[in-house]
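**Q** Got a structure for you, upload_6.json, holding JSON, C-alpha atoms.
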[["chain", "number", "residue", "atom", "x", "y", "z"],
["A", 6, "MET", "CA", 75.50, 116.86, 99.01],
["A", 7, "ILE", "CA", 75.49, 114.29, 101.82],
["A", 8, "ASP", "CA", 73.73, 115.08, 105.08],
["A", 9, "LEU", "CA", 76.40, 114.20, 107.64],
["A", 10, "LYS", "CA", 73.76, 113.43, 110.28],
["A", 11, "ALA", "CA", 71.93, 110.96, 108.02],
["A", 12, "LYS", "CA", 72.23, 107.22, 108.42],
["A", 13, "ILE", "CA", 74.35, 105.43, 105.83],
["A", 14, "GLY", "CA", 72.04, 103.70, 103.37],
["A", 15, "GLU", "CA", 69.89, 101.08, 105.05],
["A", 16, "CYS", "CA", 71.91, 101.11, 108.26],
["A", 17, "GLU", "CA", 70.33, 101.81, 111.61],
["A", 18, "ASN", "CA", 73.46, 102.58, 113.58],
["A", 19, "PHE", "CA", 76.07, 104.25, 111.36],
["A", 20, "HIS", "CA", 76.01, 107.80, 110.07],
["A", 21, "TRP", "CA", 77.83, 109.67, 107.34],
["A", 22, "TYR", "CA", 79.72, 111.87, 109.79],
["A", 23, "GLU", "CA", 81.41, 108.70, 111.15],
["A", 24, "ALA", "CA", 82.53, 107.60, 107.69],
["A", 25, "LEU", "CA", 83.63, 111.02, 106.49],
["A", 26, "SER", "CA", 85.38, 112.50, 109.53],
["A", 27, "LEU", "CA", 89.08, 113.31, 109.34],
["A", 28, "PRO", "CA", 89.71, 113.88, 113.05],
["A", 29, "SER", "CA", 93.37, 114.92, 112.86],
["A", 30, "TRP", "CA", 92.41, 117.72, 110.48],
["A", 31, "GLU", "CA", 89.02, 118.41, 112.14],
["A", 32, "VAL", "CA", 87.22, 118.37, 108.77],
["A", 33, "PHE", "CA", 85.01, 116.06, 106.72],
["A", 34, "VAL", "CA", 85.81, 114.58, 103.33],
["A", 35, "PHE", "CA", 83.14, 114.21, 100.66],
["A", 36, "PRO", "CA", 83.17, 110.92, 98.76],
["A", 37, "THR", "CA", 83.07, 110.08, 95.09],
["A", 38, "LYS", "CA", 80.22, 107.89, 93.77],
["A", 39, "GLN", "CA", 82.44, 104.80, 93.99],
["A", 40, "GLU", "CA", 83.42, 105.63, 97.56],
["A", 41, "VAL", "CA", 79.74, 106.06, 98.50],
["A", 42, "ILE", "CA", 79.05, 102.56, 97.21],
["A", 43, "ALA", "CA", 81.98, 101.10, 99.15],
["A", 44, "ILE", "CA", 81.00, 102.93, 102.34],
["A", 45, "LYS", "CA", 77.44, 101.58, 102.10],
["A", 46, "ILE", "CA", 78.73, 98.01, 101.71],
["A", 47, "VAL", "CA", 81.12, 98.38, 104.64],
["A", 48, "ALA", "CA", 78.36, 99.96, 106.76],
["A", 49, "LEU", "CA", 76.18, 96.88, 106.23],
["A", 50, "ARG", "CA", 79.11, 94.68, 107.35],
["A", 51, "MET", "CA", 79.50, 96.90, 110.41],
["A", 52, "GLU", "CA", 75.81, 96.32, 111.21],
["A", 53, "GLN", "CA", 76.50, 92.56, 111.10],
["A", 54, "ILE", "CA", 79.45, 93.03, 113.44],
["A", 55, "ARG", "CA", 77.40, 95.15, 115.84],
["A", 56, "LYS", "CA", 74.65, 92.51, 115.92],
["A", 57, "TYR", "CA", 77.22, 89.72, 116.43],
["A", 58, "PHE", "CA", 78.53, 91.53, 119.52],
["A", 59, "GLY", "CA", 75.08, 91.94, 121.06],
["A", 60, "ALA", "CA", 74.37, 95.44, 119.71],
["A", 61, "LYS", "CA", 77.12, 97.00, 121.83],
["A", 62, "PRO", "CA", 77.98, 100.55, 120.78],
["A", 63, "ILE", "CA", 80.79, 100.85, 118.25],
["A", 64, "MET", "CA", 83.16, 103.78, 118.03],
["A", 65, "ILE", "CA", 84.50, 104.54, 114.56],
["A", 66, "HIS", "CA", 88.11, 105.70, 114.55],
["A", 67, "SER", "CA", 88.72, 105.97, 110.80],
["A", 68, "TRP", "CA", 86.83, 105.17, 107.60],
["A", 69, "LEU", "CA", 87.35, 107.04, 104.31],
["A", 70, "ARG", "CA", 90.79, 108.65, 104.06],
["A", 71, "PRO", "CA", 91.96, 110.71, 101.10],
["A", 72, "ARG", "CA", 95.51, 109.75, 100.14],
["A", 73, "LYS", "CA", 97.04, 112.94, 101.59],
["A", 74, "TYR", "CA", 95.32, 112.32, 104.93],
["A", 75, "ASN", "CA", 96.30, 108.65, 104.88],
["A", 76, "ASP", "CA", 99.92, 109.64, 104.31],
["A", 77, "TYR", "CA", 99.69, 112.29, 107.05],
["A", 78, "ILE", "CA", 98.59, 109.76, 109.68],
["A", 79, "GLY", "CA", 101.02, 107.07, 108.52],
["A", 80, "GLY", "CA", 98.51, 104.71, 106.88],
["A", 81, "ALA", "CA", 99.56, 101.90, 104.55],
["A", 82, "GLU", "CA", 100.47, 103.04, 101.04],
["A", 83, "GLU", "CA", 97.71, 100.97, 99.44],
["A", 84, "SER", "CA", 95.24, 101.24, 102.32],
["A", 85, "ALA", "CA", 91.66, 100.20, 101.63],
["A", 86, "HIS", "CA", 90.67, 103.31, 103.61],
["A", 87, "ILE", "CA", 91.63, 105.42, 100.58],
["A", 88, "HIS", "CA", 88.65, 103.95, 98.72],
["A", 89, "GLY", "CA", 86.20, 103.86, 101.63],
["A", 90, "MET", "CA", 86.57, 100.09, 101.82],
["A", 91, "ALA", "CA", 87.93, 99.89, 105.40],
["A", 92, "VAL", "CA", 87.02, 100.87, 108.95],
["A", 93, "ASP", "CA", 89.02, 101.07, 112.15],
["A", 94, "PHE", "CA", 86.74, 100.74, 115.16],
["A", 95, "SER", "CA", 86.43, 99.66, 118.76],
["A", 96, "ILE", "CA", 83.54, 98.26, 120.74],
["A", 97, "LEU", "CA", 82.58, 99.92, 123.99],
["A", 98, "HIS", "CA", 83.84, 98.03, 127.06],
["A", 99, "MET", "CA", 85.61, 95.36, 124.99],
["A", 100, "ASP", "CA", 89.31, 94.77, 124.55],
["A", 101, "CYS", "CA", 90.24, 94.93, 120.85],
["A", 102, "ASN", "CA", 92.20, 91.67, 121.15],
["A", 103, "GLU", "CA", 88.98, 89.97, 122.33],
["A", 104, "VAL", "CA", 87.04, 91.51, 119.45],
["A", 105, "ARG", "CA", 89.57, 90.26, 116.89],
["A", 106, "LEU", "CA", 89.60, 86.78, 118.43],
["A", 107, "ALA", "CA", 85.81, 86.53, 118.22],
["A", 108, "LEU", "CA", 85.50, 88.19, 114.82],
["A", 109, "VAL", "CA", 88.11, 86.05, 113.06],
["A", 110, "LYS", "CA", 85.50, 83.23, 113.09],
["A", 111, "LYS", "CA", 83.10, 85.38, 111.03],
["A", 112, "LEU", "CA", 85.43, 86.76, 108.34],
["A", 113, "ILE", "CA", 84.40, 84.33, 105.61],
["A", 114, "GLU", "CA", 80.69, 84.60, 106.42],
["A", 115, "TYR", "CA", 80.82, 88.42, 106.42],
["A", 116, "ASN", "CA", 83.21, 88.51, 103.42],
["A", 117, "LEU", "CA", 85.77, 90.59, 105.30],
["A", 118, "ARG", "CA", 89.47, 90.88, 105.90],
["A", 119, "MET", "CA", 90.90, 91.92, 109.26],
["A", 120, "GLU", "CA", 94.32, 93.09, 110.39],
["A", 121, "ASP", "CA", 96.22, 90.86, 112.78],
["A", 122, "LEU", "CA", 97.55, 93.69, 114.95],
["A", 123, "PRO", "CA", 97.69, 92.53, 118.57],
["A", 124, "ASP", "CA", 97.38, 95.13, 121.32],
["A", 125, "SER", "CA", 96.22, 97.96, 119.04],
["A", 126, "ASN", "CA", 93.35, 100.07, 120.35],
["A", 127, "TRP", "CA", 91.29, 99.55, 117.22],
["A", 128, "VAL", "CA", 90.11, 96.72, 114.97],
["A", 129, "HIS", "CA", 90.63, 97.12, 111.23],
["A", 130, "ILE", "CA", 88.23, 95.41, 108.84],
["A", 131, "ASP", "CA", 87.97, 95.86, 105.08],
["A", 132, "ILE", "CA", 86.30, 94.51, 101.96],
["A", 133, "ALA", "CA", 89.42, 94.77, 99.78],
["A", 134, "MET", "CA", 89.77, 91.21, 98.57],
["A", 135, "ARG", "CA", 92.27, 92.08, 95.83],
["A", 136, "THR", "CA", 93.06, 88.51, 94.75],
["A", 137, "ARG", "CA", 91.49, 85.09, 95.12],
["A", 138, "SER", "CA", 94.36, 84.09, 97.39],
["A", 139, "ALA", "CA", 94.09, 87.17, 99.62],
["A", 140, "ARG", "CA", 94.35, 86.34, 103.30],
["A", 141, "ARG", "CA", 91.38, 87.19, 105.48],
["A", 142, "TYR", "CA", 93.46, 87.70, 108.64],
["A", 143, "PHE", "CA", 96.61, 89.54, 107.67],
["A", 144, "LYS", "CA", 99.61, 91.38, 109.06],
["A", 145, "PRO", "CA", 99.59, 95.08, 108.11]]
Output the structure of this file as structure tokens.
**A**
Amino acid sequence: MIDLKAKIGECENFHWYEALSLPSWEVFVFPTKQEVIAIKIVALRMEQIRKYFGAKPIMIHSWLRPRKYNDYIGGAEESAHIHGMAVDFSILHMDCNEVRLALVKKLIEYNLRMEDLPDSNWVHIDIAMRTRSARRYFKP
């Protein structure tokens, strides 16, 4: 059983309740072993992002989503969220367009993909590099 208040792996700033919350249903999901591994990897990438932006607080909007929940909220059919490999977030007092513009320069270094979704109120990053030719900055 995962302690929802515990930090994710070696992370200092991200907790299991952030990764496992299903806000529209007001419940938490409990991950498989593979999803735990993916969440820990993504959490380390989120630590890099937080450091890159001067340790500004990050609000997690969505992380792990079971398929039924993903369908309920209108997520992509093959969303990386389904496997715990994606996060939607925002940074306190920063416009998400500014965050995307700054973060696009770090995608290769951090081994991430990011949605090119101008004017959304979240930034989507994921570690789902499905093919060698996968684009790092992509249209959803």
**Q** Restricting the calculation to all atoms listed in the file, which member of A:Val41, A:Ile54, A:Ile46, A:Ala81 is positioned closest to A:Glu114?
**A**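 Smallest separation from A:Glu114 among the options: A:Ile54.
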**Q** Between atom CA of A:Lys45 and atom CA of A:Gly80, what is the distance, to one decimal in Å?
**A**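 One can read the atom CA of A:Lys45 to atom CA of A:Gly80 distance as 21.8 Å.
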**Q** Env of A:Asp121: 7 Å cut, atoms = only C-alpha atoms, seq-sep filter 3 positions within chain, self excluded. Answer as a ChimeraX atom specification.
**A** /A:142-144
**Q** So which one's closest to A:Ala60, A:Val109, A:Ile96, A:Asn102, A:Pro145? Using only C-alpha atoms, please.
**A**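 Result for the nearest residue to A:Ala60: A:Ile96.
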**Q** Could you check which of A:Met99, A:Ala107, A:Met134, A:Leu117 is closest to A:Tyr57, using all atoms listed in the file?
**A**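 That would be A:Ala107, the residue with the smallest distance to A:Tyr57.
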**Q** How close does each residue of stretch 32-109 of chain A get to stretch 10-24 of chain A, giving the shortest atom pair and distance in Å to one decimal for every residue with an atom at most 10 Å away, counting all atoms listed in the file, sorted by chain and residue number, as a tab-separated table?
**A**
residue	atom	partner	partner_atom	distance
A:Val32	CA	A:Tyr22	CA	10.0
A:Phe33	CA	A:Tyr22	CA	7.4
A:Val34	CA	A:Ala24	CA	8.9
A:Phe35	CA	A:Trp21	CA	9.7
A:Pro36	CA	A:Ala24	CA	9.5
A:Val41	CA	A:Ile13	CA	9.1
A:Ile42	CA	A:Gly14	CA	9.4
A:Ile44	CA	A:Ala24	CA	7.3
A:Lys45	CA	A:Gly14	CA	5.9
A:Ile46	CA	A:Gly14	CA	8.9
A:Val47	CA	A:Ala24	CA	9.8
A:Ala48	CA	A:Phe19	CA	6.7
A:Leu49	CA	A:Cys16	CA	6.3
A:Arg50	CA	A:Cys16	CA	9.7
A:Met51	CA	A:Phe19	CA	8.2
A:Glu52	CA	A:Cys16	CA	6.8
A:Arg55	CA	A:Asn18	CA	8.7
A:Ala60	CA	A:Asn18	CA	9.5
A:Pro62	CA	A:Asn18	CA	8.7
A:Ile63	CA	A:Asn18	CA	8.9
A:Met64	CA	A:Glu23	CA	8.6
A:Ile65	CA	A:Glu23	CA	6.2
A:His66	CA	A:Glu23	CA	8.1
A:Ser67	CA	A:Ala24	CA	7.1
A:Trp68	CA	A:Ala24	CA	4.9
A:Leu69	CA	A:Ala24	CA	5.9
A:Arg70	CA	A:Ala24	CA	9.1
A:Gly89	CA	A:Ala24	CA	8.0
A:Ala91	CA	A:Ala24	CA	9.7
A:Val92	CA	A:Ala24	CA	8.2
**Q** So which one's closest to A:Glu40, A:Arg72, A:His86, A:Arg118, A:Arg141? Using all atoms listed in the file, please.
**A**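 Checking each candidate against A:Glu40, we get A:His86 as the closest.
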**Q** Which of these, A:Asn75, A:Leu97, A:Ala85, A:Met119, has the shortest distance to A:Ala133 once you count all atoms listed in the file?
**A**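 Answer, going by the shortest atom-to-atom distance: A:Ala85.
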**Q** To one decimal in Å, tell me the separation between atom CA of A:Arg140 and atom CA of A:Lys38.
**A**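 About the pair atom CA of A:Arg140 and atom CA of A:Lys38: they are 27.5 Å apart.
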**Q** Between atom CA of A:Thr37 and atom CA of A:Asn116, what is the spacing in Å?
**A** 23.1 Å
**Q** I need the residue nearest A:Lys73 from this list: A:Trp30, A:Ile132, A:Lys61, A:Leu9. Use only C-alpha atoms for the distance.
**A**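 Closest candidate: A:Trp30.
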**Q** Quick one: stretch 13-37 of chain A with N, CA and C atoms, as an mmCIF file, keeping the file's coordinate frame?
**A**
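File rebuild16.cif, as written:
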data_model
loop_
_atom_site.group_PDB
_atom_site.id
_atom_site.type_symbol
_atom_site.label_atom_id
_atom_site.label_comp_id
_atom_site.auth_asym_id
_atom_site.auth_seq_id
_atom_site.Cartn_x
_atom_site.Cartn_y
_atom_site.Cartn_z
ATOM 1 N N ILE A 13 73.752 105.922 107.075
ATOM 2 C CA ILE A 13 74.350 105.430 105.830
ATOM 3 C C ILE A 13 73.434 104.376 105.231
ATOM 4 N N GLY A 14 72.888 104.658 104.075
ATOM 5 C CA GLY A 14 72.040 103.700 103.370
ATOM 6 C C GLY A 14 70.951 103.121 104.248
ATOM 7 N N GLU A 15 70.905 101.806 104.290
ATOM 8 C CA GLU A 15 69.890 101.080 105.050
ATOM 9 C C GLU A 15 70.291 100.823 106.496
ATOM 10 N N CYS A 16 71.389 101.371 106.924
ATOM 11 C CA CYS A 16 71.910 101.110 108.260
ATOM 12 C C CYS A 16 71.126 101.845 109.339
ATOM 13 N N GLU A 17 71.010 101.206 110.466
ATOM 14 C CA GLU A 17 70.330 101.810 111.610
ATOM 15 C C GLU A 17 71.291 102.520 112.556
ATOM 16 N N ASN A 18 72.554 102.136 112.533
ATOM 17 C CA ASN A 18 73.460 102.580 113.580
ATOM 18 C C ASN A 18 74.682 103.368 113.124
ATOM 19 N N PHE A 19 74.885 103.542 111.843
ATOM 20 C CA PHE A 19 76.070 104.250 111.360
ATOM 21 C C PHE A 19 75.657 105.430 110.504
ATOM 22 N N HIS A 20 76.354 106.531 110.707
ATOM 23 C CA HIS A 20 76.010 107.800 110.070
ATOM 24 C C HIS A 20 77.161 108.301 109.216
ATOM 25 N N TRP A 21 76.822 109.145 108.253
ATOM 26 C CA TRP A 21 77.830 109.670 107.340
ATOM 27 C C TRP A 21 78.947 110.409 108.047
ATOM 28 N N TYR A 22 78.646 111.129 109.109
ATOM 29 C CA TYR A 22 79.720 111.870 109.790
ATOM 30 C C TYR A 22 80.795 110.917 110.307
ATOM 31 N N GLU A 23 80.421 109.668 110.669
ATOM 32 C CA GLU A 23 81.410 108.700 111.150
ATOM 33 C C GLU A 23 82.327 108.246 110.009
ATOM 34 N N ALA A 24 81.755 108.079 108.839
ATOM 35 C CA ALA A 24 82.530 107.600 107.690
ATOM 36 C C ALA A 24 83.391 108.688 107.071
ATOM 37 N N LEU A 25 82.989 109.937 107.225
ATOM 38 C CA LEU A 25 83.630 111.020 106.490
ATOM 39 C C LEU A 25 84.492 111.952 107.345
ATOM 40 N N SER A 26 84.611 111.658 108.619
ATOM 41 C CA SER A 26 85.380 112.500 109.530
ATOM 42 C C SER A 26 86.881 112.270 109.363
ATOM 43 N N LEU A 27 87.623 113.368 109.328
ATOM 44 C CA LEU A 27 89.080 113.310 109.340
ATOM 45 C C LEU A 27 89.521 113.999 110.633
ATOM 46 N N PRO A 28 89.538 113.259 111.736
ATOM 47 C CA PRO A 28 89.710 113.880 113.050
ATOM 48 C C PRO A 28 91.016 114.657 113.239
ATOM 49 N N SER A 29 92.102 114.206 112.674
ATOM 50 C CA SER A 29 93.370 114.920 112.860
ATOM 51 C C SER A 29 93.354 116.294 112.191
ATOM 52 N N TRP A 30 92.516 116.446 111.175
ATOM 53 C CA TRP A 30 92.410 117.720 110.480
ATOM 54 C C TRP A 30 91.136 118.473 110.886
ATOM 55 N N GLU A 31 90.275 117.824 111.670
ATOM 56 C CA GLU A 31 89.020 118.410 112.140
ATOM 57 C C GLU A 31 88.141 118.899 110.980
ATOM 58 N N VAL A 32 88.055 118.074 109.929
ATOM 59 C CA VAL A 32 87.220 118.370 108.770
ATOM 60 C C VAL A 32 86.532 117.076 108.319
ATOM 61 N N PHE A 33 85.660 117.210 107.340
ATOM 62 C CA PHE A 33 85.010 116.060 106.720
ATOM 63 C C PHE A 33 85.420 116.000 105.262
ATOM 64 N N VAL A 34 85.515 114.798 104.736
ATOM 65 C CA VAL A 34 85.810 114.580 103.330
ATOM 66 C C VAL A 34 84.492 114.222 102.645
ATOM 67 N N PHE A 35 84.355 114.570 101.378
ATOM 68 C CA PHE A 35 83.140 114.210 100.660
ATOM 69 C C PHE A 35 83.494 113.199 99.583
ATOM 70 N N PRO A 36 82.792 112.072 99.581
ATOM 71 C CA PRO A 36 83.170 110.920 98.760
ATOM 72 C C PRO A 36 82.737 111.024 97.303
ATOM 73 N N THR A 37 83.462 110.269 96.476
ATOM 74 C CA THR A 37 83.070 110.080 95.090
ATOM 75 C C THR A 37 81.909 109.077 95.052
#
